[in-house]
>>> print(open('data_33.cif').read())   # mmCIF, C-alpha atoms
data_final
loop_
_atom_site.group_PDB
_atom_site.id
_atom_site.type_symbol
_atom_site.label_atom_id
_atom_site.label_comp_id
_atom_site.auth_asym_id
_atom_site.auth_seq_id
_atom_site.Cartn_x
_atom_site.Cartn_y
_atom_site.Cartn_z
ATOM 1 C CA MET A 1 0.000 0.000 0.000
ATOM 2 C CA LYS A 2 2.767 2.410 0.915
ATOM 3 C CA LYS A 3 4.485 1.839 -2.440
ATOM 4 C CA THR A 4 1.168 2.366 -4.225
ATOM 5 C CA LEU A 5 0.651 5.686 -2.455
ATOM 6 C CA ILE A 6 4.164 6.818 -3.352
ATOM 7 C CA VAL A 7 3.436 6.099 -7.026
ATOM 8 C CA LEU A 8 0.146 8.030 -6.787
ATOM 9 C CA ASN A 9 1.872 10.981 -5.175
ATOM 10 C CA ASN A 10 4.463 10.877 -7.959
ATOM 11 C CA LEU A 11 1.665 11.346 -10.496
ATOM 12 C CA ILE A 12 1.166 14.822 -9.036
ATOM 13 C CA THR A 13 4.879 15.602 -8.938
ATOM 14 C CA ALA A 14 5.166 14.552 -12.584
ATOM 15 C CA GLY A 15 2.226 16.785 -13.551
ATOM 16 C CA ILE A 16 0.134 13.858 -14.791
ATOM 17 C CA ILE A 17 -2.682 14.728 -12.390
ATOM 18 C CA GLN A 18 -3.357 17.866 -10.369
ATOM 19 C CA LYS A 19 -4.902 16.259 -7.321
ATOM 20 C CA TYR A 20 -6.344 12.971 -6.156
ATOM 21 C CA ALA A 21 -8.571 11.745 -3.350
ATOM 22 C CA ILE A 22 -9.038 8.172 -2.187
ATOM 23 C CA ALA A 23 -12.728 7.247 -2.190
ATOM 24 C CA GLY A 24 -14.889 4.136 -1.862
ATOM 25 C CA GLY A 25 -14.162 1.263 0.484
ATOM 26 C CA ILE A 26 -10.568 2.223 1.197
ATOM 27 C CA ALA A 27 -11.589 5.747 2.167
ATOM 28 C CA SER A 28 -14.153 4.154 4.497
ATOM 29 C CA LEU A 29 -11.315 2.357 6.271
ATOM 30 C CA PHE A 30 -10.114 5.708 7.557
ATOM 31 C CA TYR A 31 -13.418 6.264 9.388
ATOM 32 C CA VAL A 32 -15.166 2.977 10.189
ATOM 33 C CA GLU A 33 -14.418 -0.695 10.826
ATOM 34 C CA PRO A 34 -12.828 -2.667 7.964
ATOM 35 C CA VAL A 35 -15.044 -3.837 5.114
ATOM 36 C CA ALA A 36 -13.950 -6.070 2.246
ATOM 37 C CA THR A 37 -13.142 -4.168 -0.906
ATOM 38 C CA PHE A 38 -10.999 -5.223 -3.825
ATOM 39 C CA ASP A 39 -9.887 -2.033 -5.481
ATOM 40 C CA LEU A 40 -8.677 1.424 -4.661
ATOM 41 C CA ASP A 41 -11.072 4.022 -6.063
ATOM 42 C CA LEU A 42 -9.288 7.222 -6.841
ATOM 43 C CA PHE A 43 -10.943 10.477 -7.867
ATOM 44 C CA VAL A 44 -8.506 12.541 -9.901
ATOM 45 C CA LEU A 45 -8.315 16.033 -11.317
ATOM 46 C CA VAL A 46 -6.332 16.052 -14.556
ATOM 47 C CA PRO A 47 -4.833 19.060 -16.341
ATOM 48 C CA ASP A 48 -6.900 18.571 -19.516
ATOM 49 C CA GLU A 49 -10.353 17.333 -18.577
ATOM 50 C CA GLU A 50 -11.772 18.425 -21.932
ATOM 51 C CA SER A 51 -9.569 15.963 -23.791
ATOM 52 C CA LEU A 52 -11.382 13.095 -25.524
ATOM 53 C CA THR A 53 -9.331 10.659 -23.466
ATOM 54 C CA PRO A 54 -8.541 12.505 -20.233
ATOM 55 C CA LEU A 55 -7.186 9.422 -18.443
ATOM 56 C CA ALA A 56 -4.919 8.345 -21.299
ATOM 57 C CA THR A 57 -1.867 10.144 -19.897
ATOM 58 C CA ILE A 58 -2.209 8.248 -16.607
ATOM 59 C CA TYR A 59 -2.417 4.906 -18.409
ATOM 60 C CA GLU A 60 0.566 5.787 -20.622
ATOM 61 C CA TYR A 61 2.703 7.024 -17.727
ATOM 62 C CA LEU A 62 2.001 4.051 -15.472
ATOM 63 C CA GLY A 63 2.274 1.657 -18.413
ATOM 64 C CA CYS A 64 5.784 2.971 -19.087
ATOM 65 C CA LEU A 65 6.629 2.206 -15.449
ATOM 66 C CA GLY A 66 5.535 -1.390 -16.032
ATOM 67 C CA TYR A 67 2.163 -1.329 -14.281
ATOM 68 C CA PRO A 68 -0.315 -3.513 -16.182
ATOM 69 C CA THR A 69 -3.985 -2.821 -16.778
ATOM 70 C CA GLU A 70 -6.661 -5.302 -15.822
ATOM 71 C CA GLN A 71 -10.201 -4.469 -16.959
ATOM 72 C CA GLU A 72 -10.944 -0.999 -15.532
ATOM 73 C CA HIS A 73 -7.957 -1.050 -13.173
ATOM 74 C CA ILE A 74 -4.255 -0.335 -13.297
ATOM 75 C CA ILE A 75 -2.363 -2.677 -10.993
ATOM 76 C CA VAL A 76 -0.043 -0.387 -9.054
ATOM 77 C CA GLU A 77 2.336 -2.276 -6.774
ATOM 78 C CA GLY A 78 -0.113 -5.177 -6.538
ATOM 79 C CA ILE A 79 -3.189 -3.056 -5.851
ATOM 80 C CA PRO A 80 -5.897 -2.510 -8.488
ATOM 81 C CA VAL A 81 -6.470 1.219 -8.788
ATOM 82 C CA GLN A 82 -9.481 2.644 -10.589
ATOM 83 C CA PHE A 83 -9.020 6.226 -11.705
ATOM 84 C CA LEU A 84 -12.250 8.203 -11.810
ATOM 85 C CA LEU A 85 -12.838 11.711 -13.109
ATOM 86 C CA PRO A 86 -15.217 14.014 -11.230
ATOM 87 C CA TYR A 87 -18.539 13.160 -12.879
ATOM 88 C CA ASN A 88 -20.457 15.880 -11.043
ATOM 89 C CA GLU A 89 -19.946 18.893 -8.777
ATOM 90 C CA LEU A 90 -20.278 16.877 -5.572
ATOM 91 C CA ILE A 91 -17.313 14.728 -6.582
ATOM 92 C CA ARG A 92 -15.299 17.780 -7.630
ATOM 93 C CA GLU A 93 -15.891 19.378 -4.231
ATOM 94 C CA ALA A 94 -15.005 16.097 -2.521
ATOM 95 C CA ILE A 95 -11.629 16.074 -4.283
ATOM 96 C CA ASN A 96 -10.928 19.717 -3.546
ATOM 97 C CA SER A 97 -11.802 19.376 0.132
ATOM 98 C CA ALA A 98 -10.060 16.027 0.695
ATOM 99 C CA ARG A 99 -8.150 15.506 3.936
ATOM 100 C CA THR A 100 -4.462 14.798 4.117
ATOM 101 C CA GLU A 101 -3.912 11.577 6.072
ATOM 102 C CA PRO A 102 -0.681 9.806 6.946
ATOM 103 C CA TYR A 103 -0.061 6.212 5.927
ATOM 104 C CA GLU A 104 3.140 5.228 7.704
ATOM 105 C CA ASP A 105 5.463 8.048 6.608
ATOM 106 C CA VAL A 106 3.614 8.846 3.389
ATOM 107 C CA ALA A 107 0.983 11.565 3.164
ATOM 108 C CA THR A 108 -2.105 10.724 1.176
ATOM 109 C CA SER A 109 -5.370 12.412 0.343
ATOM 110 C CA VAL A 110 -8.732 10.969 1.403
ATOM 111 C CA VAL A 111 -12.293 12.138 0.784
ATOM 112 C CA SER A 112 -13.658 13.600 4.027
ATOM 113 C CA VAL A 113 -16.235 11.680 6.019
ATOM 114 C CA GLU A 114 -19.022 14.166 5.259
ATOM 115 C CA TYR A 115 -18.425 14.023 1.505
ATOM 116 C CA LEU A 116 -18.193 10.225 1.577
ATOM 117 C CA MET A 117 -21.597 10.114 3.251
ATOM 118 C CA ALA A 118 -23.027 12.560 0.712
ATOM 119 C CA ILE A 119 -21.656 10.453 -2.154
ATOM 120 C CA MET A 120 -23.241 7.332 -0.629
ATOM 121 C CA LEU A 121 -26.571 9.124 -0.527
ATOM 122 C CA GLN A 122 -26.144 10.225 -4.112
ATOM 123 C CA THR A 123 -25.119 6.822 -5.496
ATOM 124 C CA TRP A 124 -27.759 5.106 -3.318
ATOM 125 C CA ARG A 125 -26.841 1.490 -4.108
ATOM 126 C CA ILE A 126 -27.695 -1.157 -1.528
ATOM 127 C CA LYS A 127 -24.080 -1.310 -0.380
ATOM 128 C CA ASP A 128 -23.995 2.484 -0.016
ATOM 129 C CA ARG A 129 -27.034 2.433 2.233
ATOM 130 C CA GLU A 130 -25.522 -0.355 4.325
ATOM 131 C CA ARG A 131 -22.219 1.490 4.586
ATOM 132 C CA LEU A 132 -24.044 4.681 5.516
ATOM 133 C CA ALA A 133 -25.425 2.885 8.564
ATOM 134 C CA LEU A 134 -21.871 2.037 9.613
ATOM 135 C CA PHE A 135 -20.856 5.664 9.199
ATOM 136 C CA VAL A 136 -23.747 7.002 11.253
ATOM 137 C CA GLN A 137 -22.898 4.601 14.069
ATOM 138 C CA GLU A 138 -19.102 4.716 14.029
ATOM 139 C CA ALA A 139 -17.694 7.696 12.183
ATOM 140 C CA GLY A 140 -17.308 11.015 13.895
ATOM 141 C CA PHE A 141 -18.862 13.439 11.439
ATOM 142 C CA ASP A 142 -19.876 17.076 11.522
ATOM 143 C CA LYS A 143 -23.669 16.993 11.250
ATOM 144 C CA ASN A 144 -23.945 20.670 10.287
ATOM 145 C CA GLN A 145 -21.343 20.337 7.574
ATOM 146 C CA LEU A 146 -22.976 17.182 6.230
ATOM 147 C CA GLU A 147 -26.405 18.812 6.106
ATOM 148 C CA GLU A 148 -24.980 21.890 4.408
ATOM 149 C CA ILE A 149 -23.418 19.685 1.691
ATOM 150 C CA LEU A 150 -26.612 17.679 1.315
ATOM 151 C CA ALA A 151 -28.786 20.789 0.997
ATOM 152 C CA ARG A 152 -26.460 22.285 -1.598
ATOM 153 C CA HIS A 153 -26.604 19.121 -3.702
ATOM 154 C CA LYS A 154 -30.308 18.523 -3.163
ATOM 155 C CA LEU A 155 -29.754 15.342 -1.198
ATOM 156 C CA ASP A 156 -31.413 16.496 2.011
ATOM 157 C CA GLU A 157 -34.735 14.807 1.262
ATOM 158 C CA ARG A 158 -32.967 11.509 0.635
ATOM 159 C CA TRP A 159 -31.103 11.903 3.923
ATOM 160 C CA LYS A 160 -34.405 12.467 5.768
ATOM 161 C CA GLN A 161 -35.813 9.406 4.029
ATOM 162 C CA TRP A 162 -32.805 7.345 5.107
ATOM 163 C CA ILE A 163 -33.065 8.642 8.687
ATOM 164 C CA ASN A 164 -36.774 7.795 8.825
ATOM 165 C CA GLN A 165 -36.126 4.286 7.562
ATOM 166 C CA ASN A 166 -33.207 3.639 9.887
ATOM 167 C CA THR A 167 -33.941 5.532 13.085
ATOM 168 C CA SER A 168 -35.132 2.445 14.897
ATOM 169 C CA ASN A 169 -31.916 0.612 13.998
ATOM 170 C CA THR A 170 -29.342 3.253 14.908
ATOM 171 C CA MET B 1 -31.868 -10.192 33.136
ATOM 172 C CA ASP B 2 -35.042 -10.180 31.059
ATOM 173 C CA GLN B 3 -34.984 -10.898 27.344
ATOM 174 C CA SER B 4 -35.197 -7.291 26.117
ATOM 175 C CA LYS B 5 -32.375 -6.190 28.420
ATOM 176 C CA TYR B 6 -30.281 -9.139 27.276
ATOM 177 C CA ILE B 7 -30.854 -8.279 23.597
ATOM 178 C CA GLN B 8 -29.888 -4.661 24.294
ATOM 179 C CA HIS B 9 -26.797 -5.842 26.191
ATOM 180 C CA ILE B 10 -25.672 -7.938 23.194
ATOM 181 C CA ALA B 11 -26.383 -5.046 20.804
ATOM 182 C CA ASP B 12 -24.297 -2.697 22.979
ATOM 183 C CA GLN B 13 -21.447 -5.184 23.105
ATOM 184 C CA LYS B 14 -21.482 -5.516 19.303
ATOM 185 C CA ALA B 15 -21.582 -1.736 18.867
ATOM 186 C CA ASN B 16 -18.603 -1.334 21.198
ATOM 187 C CA ALA B 17 -16.669 -4.006 19.308
ATOM 188 C CA ARG B 18 -17.381 -2.198 16.033
ATOM 189 C CA LYS B 19 -16.238 1.112 17.512
ATOM 190 C CA ASN B 20 -13.049 -0.532 18.742
ATOM 191 C CA ARG B 21 -12.370 -1.934 15.280
ATOM 192 C CA ALA B 22 -13.144 1.481 13.760
ATOM 193 C CA SER B 23 -10.536 3.157 15.976
ATOM 194 C CA LEU B 24 -7.669 0.854 14.989
ATOM 195 C CA PRO B 25 -4.721 2.398 13.124
ATOM 196 C CA ILE B 26 -5.194 2.386 9.356
ATOM 197 C CA GLN B 27 -2.417 -0.176 8.811
ATOM 198 C CA GLU B 28 -4.144 -2.660 11.123
ATOM 199 C CA LYS B 29 -7.469 -2.023 9.451
ATOM 200 C CA LEU B 30 -5.915 -2.736 6.067
ATOM 201 C CA GLN B 31 -4.558 -6.032 7.372
ATOM 202 C CA LYS B 32 -8.023 -6.964 8.646
ATOM 203 C CA MET B 33 -9.499 -5.898 5.327
ATOM 204 C CA VAL B 34 -7.121 -8.269 3.528
ATOM 205 C CA GLU B 35 -8.253 -11.084 5.841
ATOM 206 C CA LEU B 36 -11.824 -10.302 4.779
ATOM 207 C CA GLN B 37 -10.704 -10.319 1.137
ATOM 208 C CA LYS B 38 -9.337 -13.846 1.596
ATOM 209 C CA ILE B 39 -12.648 -15.077 2.985
ATOM 210 C CA VAL B 40 -14.623 -13.473 0.163
ATOM 211 C CA ALA B 41 -12.099 -14.769 -2.391
ATOM 212 C CA VAL B 42 -12.719 -18.368 -1.280
ATOM 213 C CA THR B 43 -16.484 -17.920 -1.535
ATOM 214 C CA ARG B 44 -16.232 -16.381 -4.966
ATOM 215 C CA ALA B 45 -13.726 -18.983 -6.169
ATOM 216 C CA LYS B 46 -16.393 -21.617 -5.500
ATOM 217 C CA ARG B 47 -18.574 -19.706 -7.972
ATOM 218 C CA GLY B 48 -15.712 -19.594 -10.474
ATOM 219 C CA GLU B 49 -14.976 -15.902 -9.936
ATOM 220 C CA PHE B 50 -11.460 -14.575 -9.518
ATOM 221 C CA VAL B 51 -10.646 -11.695 -7.193
ATOM 222 C CA ARG B 52 -7.217 -10.290 -6.436
ATOM 223 C CA VAL B 53 -6.220 -10.470 -2.776
ATOM 224 C CA TRP B 54 -3.889 -7.625 -1.877
ATOM 225 C CA LYS B 55 -0.364 -8.211 -0.686
ATOM 226 C CA LEU B 56 0.581 -5.573 1.859
ATOM 227 C CA GLU B 57 4.300 -4.922 1.964
#
>>> encode(input="data_33.cif", output="C-alpha cells")
Amino acid sequence: MKKTLIVLNNLITAGIIQKYAIAGGIASLFYVEPVATFDLDLFVLVPDEESLTPLATIYEYLGCLGYPTEQEHIIVEGIPVQFLLPYNELIREAINSARTEPYEDVATSVVSVEYLMAIMLQTWRIKDRERLALFVQEAGFDKNQLEEILARHKLDERWKQWINQNTSNT
Amino acid sequence: MDQSKYIQHIADQKANARKNRASLPIQEKLQKMVELQKIVAVTRAKRGEFVRVWKLE
C-alpha cells in the first residue's frame, strides 16, 4: 500500500494529475471498521479534462513504469487502482476538500467523512445504504457540515428518508 | 436479566466491538481488510470468480 501511495503521489509531482482523493471502500477504512473491498477508487483532477481521453496520460505514464492494466484497473504495486474523473460537482468538491492523512510516513489524500456520506446518498446502491449505517454509528462526522453539503446538492430529502427508515436501527 | 435487556446488552457489546475496530490504526485495518478479502475470495472462487487479494508490503 505504501508503495502504491508513493506512485500516486508521484503522479502529481510529474504533472500527470493535479490532485487525487481516495474514495470508496478504502476511504471508508479511515473512518469505520474494515469492510472487504478489492480495489482502490481514486478520484482525480487532470490538467486537460476536456480531452477526448482525459485518463490516457495516466495509463501511458504508469504503463511505461511497467504497471499492467486489468479491466478498468491499473495494478499499481499489486493493488488494483481505478481512476475516476469528477462526474459531477459533488465529486469535484469532494476532491478539492479532501483531507491529508498519513499512511506510515507517506501523506495521502482521502475524501472527508461528510463528503463520503453525501456520495453514498447520491449513489444510493444497496451497499452504499448499508455502509451509511456504519458511518452514522461509528464515524465522527460534523452533522452541520454534512447537512450543508446535502442541501447544496439537493440530497437532504434523501437523507431524511434514510433517517426515517433507519432511526429504529441506529 | 429479562430478554429485552439481554438483547440490548448484546447489541451494545457488538456496537462497542465495532467502535473498537473502527478506531484501529489504518495499517491494522488494512490487514483486517485483507483477511476479509481472503474469505470473500474463497467464496467467490467456489462460484468460479477470480478476485485479487492484496499483498501488503
>>> residues_around(input="data_33.cif", residues="A:Lys19", least_positions_apart="5", cutoff="8 Å", atoms="all atoms listed in the file", output="ChimeraX atom specification")
/A:12,44-46,95-96
>>> residues_around(input="data_33.cif", residues="B:Ile39", least_positions_apart="3", cutoff="12 Å", atoms="only C-alpha atoms", output="number ranges by chain")
A: 35-37; B: 32-36, 42-46, 51-53
>>> atom_distance(input="data_33.cif", atom1="atom CA of A:His73", atom2="atom CA of A:Ala98")
22.1 Å
>>> residues_around(input="data_33.cif", residues="stretch 15-28 of chain B", least_positions_apart="5", cutoff="12 Å", atoms="only C-alpha atoms", output="PyMOL selection string")
(chain A and resi 1-2+26-35+101-105+133-140+169-170) or (chain B and resi 8-10+33-35+56-57)
>>> axis_aligned_box(input="data_33.cif", around="stretch 30-41 of chain B", padding_each_side="5 Å", output="JSON")
{"center_x": -9.6, "center_y": -8.9, "center_z": 3.1, "size_x": 20.1, "size_y": 22.3, "size_z": 21.0}
>>> closest_residue(input="data_33.cif", among="B:Lys14, B:Lys5, B:Arg47, B:Lys55", to="chain A", atoms="only C-alpha atoms")
B:Lys55
>>> resolve_selection(input="data_33.cif", expression="the PyMOL selection byres ((chain A and resi 57-70) around 10)", output="list of chain:residue names")
A:Val7, A:Leu8, A:Leu11, A:Ala14, A:Ile16, A:Ile17, A:Val46, A:Asp48, A:Thr53, A:Pro54, A:Leu55, A:Ala56, A:Gln71, A:Glu72, A:His73, A:Ile74, A:Ile75, A:Val76, A:Glu77, A:Gly78, A:Pro80, A:Val81, A:Gln82, A:Phe83
>>> atom_distance(input="data_33.cif", atom1="atom CA of A:Gln145", atom2="atom CA of A:Arg131")
19.1 Å
>>> closest_residue(input="data_33.cif", among="B:Met1, B:Lys29, B:Gln13, B:Phe50", to="chain A", atoms="all atoms listed in the file")
B:Lys29
>>> atom_distance(input="data_33.cif", atom1="atom CA of A:Trp159", atom2="atom CA of A:Val113")
15.0 Å
>>> resolve_selection(input="data_33.cif", expression="the PyMOL selection byres ((chain A and resi 128) around 12)", output="VMD selection string")
chain A and resid 24 to 25 28 116 to 127 129 to 135 162
>>> closest_residue(input="data_33.cif", among="A:Ile163, A:Ile79, A:Ala23, A:Leu84", to="chain B", atoms="only C-alpha atoms")
A:Ile79
>>> closest_residue(input="data_33.cif", among="A:Asp142, A:Glu114, A:Glu148, A:Asp39", to="chain B", atoms="all atoms listed in the file")
A:Asp39
>>> decode(input="data_33.cif", residues="stretch 106-142 of chain A", atoms="N, CA and C atoms", output="compact mmCIF listing (two decimals), in the first residue's frame")
# COMPACT_ATOMS: atom_id res chain seq x y z
N VAL A 106 4.03 8.26 4.66
CA VAL A 106 3.61 8.85 3.39
C VAL A 106 2.30 9.60 3.60
N ALA A 107 2.24 10.80 3.07
CA ALA A 107 0.98 11.57 3.16
C ALA A 107 0.09 11.20 1.99
N THR A 108 -1.18 11.01 2.26
CA THR A 108 -2.10 10.72 1.18
C THR A 108 -3.36 11.57 1.34
N SER A 109 -4.20 11.54 0.35
CA SER A 109 -5.37 12.41 0.34
C SER A 109 -6.64 11.55 0.31
N VAL A 110 -7.55 11.82 1.24
CA VAL A 110 -8.73 10.97 1.40
C VAL A 110 -9.98 11.85 1.43
N VAL A 111 -11.02 11.41 0.75
CA VAL A 111 -12.29 12.14 0.78
C VAL A 111 -12.77 12.24 2.24
N SER A 112 -13.24 13.39 2.64
CA SER A 112 -13.66 13.60 4.03
C SER A 112 -14.91 12.78 4.33
N VAL A 113 -15.12 12.54 5.61
CA VAL A 113 -16.24 11.68 6.02
C VAL A 113 -17.58 12.25 5.56
N GLU A 114 -17.73 13.57 5.63
CA GLU A 114 -19.02 14.17 5.26
C GLU A 114 -19.28 14.01 3.76
N TYR A 115 -18.24 14.20 2.95
CA TYR A 115 -18.43 14.02 1.50
C TYR A 115 -18.63 12.56 1.14
N LEU A 116 -17.96 11.65 1.85
CA LEU A 116 -18.19 10.22 1.58
C LEU A 116 -19.66 9.88 1.83
N MET A 117 -20.19 10.40 2.93
CA MET A 117 -21.60 10.11 3.25
C MET A 117 -22.52 10.72 2.20
N ALA A 118 -22.20 11.92 1.74
CA ALA A 118 -23.03 12.56 0.71
C ALA A 118 -22.98 11.75 -0.59
N ILE A 119 -21.80 11.25 -0.92
CA ILE A 119 -21.66 10.45 -2.15
C ILE A 119 -22.46 9.15 -2.03
N MET A 120 -22.44 8.55 -0.84
CA MET A 120 -23.24 7.33 -0.63
C MET A 120 -24.72 7.62 -0.85
N LEU A 121 -25.16 8.77 -0.35
CA LEU A 121 -26.57 9.12 -0.53
C LEU A 121 -26.87 9.38 -2.00
N GLN A 122 -25.91 9.94 -2.71
CA GLN A 122 -26.14 10.22 -4.11
C GLN A 122 -26.14 8.95 -4.96
N THR A 123 -25.20 8.04 -4.68
CA THR A 123 -25.12 6.82 -5.50
C THR A 123 -26.23 5.85 -5.12
N TRP A 124 -26.52 5.74 -3.80
CA TRP A 124 -27.76 5.11 -3.32
C TRP A 124 -27.89 3.63 -3.72
N ARG A 125 -26.76 2.94 -3.89
CA ARG A 125 -26.84 1.49 -4.11
C ARG A 125 -27.09 0.81 -2.76
N ILE A 126 -27.44 -0.45 -2.78
CA ILE A 126 -27.69 -1.16 -1.53
C ILE A 126 -26.47 -1.07 -0.63
N LYS A 127 -25.28 -1.31 -1.22
CA LYS A 127 -24.08 -1.31 -0.38
C LYS A 127 -23.77 0.09 0.18
N ASP A 128 -24.20 1.12 -0.54
CA ASP A 128 -23.99 2.48 -0.02
C ASP A 128 -24.88 2.72 1.20
N ARG A 129 -26.11 2.24 1.11
CA ARG A 129 -27.03 2.43 2.23
C ARG A 129 -26.57 1.65 3.46
N GLU A 130 -26.04 0.45 3.20
CA GLU A 130 -25.52 -0.35 4.32
C GLU A 130 -24.31 0.33 4.96
N ARG A 131 -23.43 0.83 4.09
CA ARG A 131 -22.22 1.49 4.59
C ARG A 131 -22.57 2.78 5.32
N LEU A 132 -23.61 3.45 4.86
CA LEU A 132 -24.04 4.68 5.52
C LEU A 132 -24.43 4.41 6.97
N ALA A 133 -25.05 3.25 7.18
CA ALA A 133 -25.43 2.89 8.56
C ALA A 133 -24.18 2.75 9.43
N LEU A 134 -23.14 2.15 8.88
CA LEU A 134 -21.87 2.04 9.61
C LEU A 134 -21.32 3.42 9.96
N PHE A 135 -21.39 4.32 8.99
CA PHE A 135 -20.86 5.66 9.20
C PHE A 135 -21.63 6.41 10.30
N VAL A 136 -22.94 6.29 10.25
CA VAL A 136 -23.75 7.00 11.25
C VAL A 136 -23.41 6.49 12.65
N GLN A 137 -23.17 5.19 12.75
CA GLN A 137 -22.90 4.60 14.07
C GLN A 137 -21.46 4.81 14.53
N GLU A 138 -20.51 4.80 13.61
CA GLU A 138 -19.10 4.72 14.03
C GLU A 138 -18.25 5.94 13.70
N ALA A 139 -18.59 6.62 12.63
CA ALA A 139 -17.69 7.70 12.18
C ALA A 139 -18.05 9.00 12.89
N GLY A 140 -17.06 9.70 13.33
CA GLY A 140 -17.31 11.01 13.90
C GLY A 140 -17.46 12.00 12.75
N PHE A 141 -18.68 12.50 12.55
CA PHE A 141 -18.86 13.44 11.44
C PHE A 141 -19.52 14.72 11.94
N ASP A 142 -19.32 15.77 11.18
CA ASP A 142 -19.88 17.08 11.52
C ASP A 142 -21.27 17.16 10.90
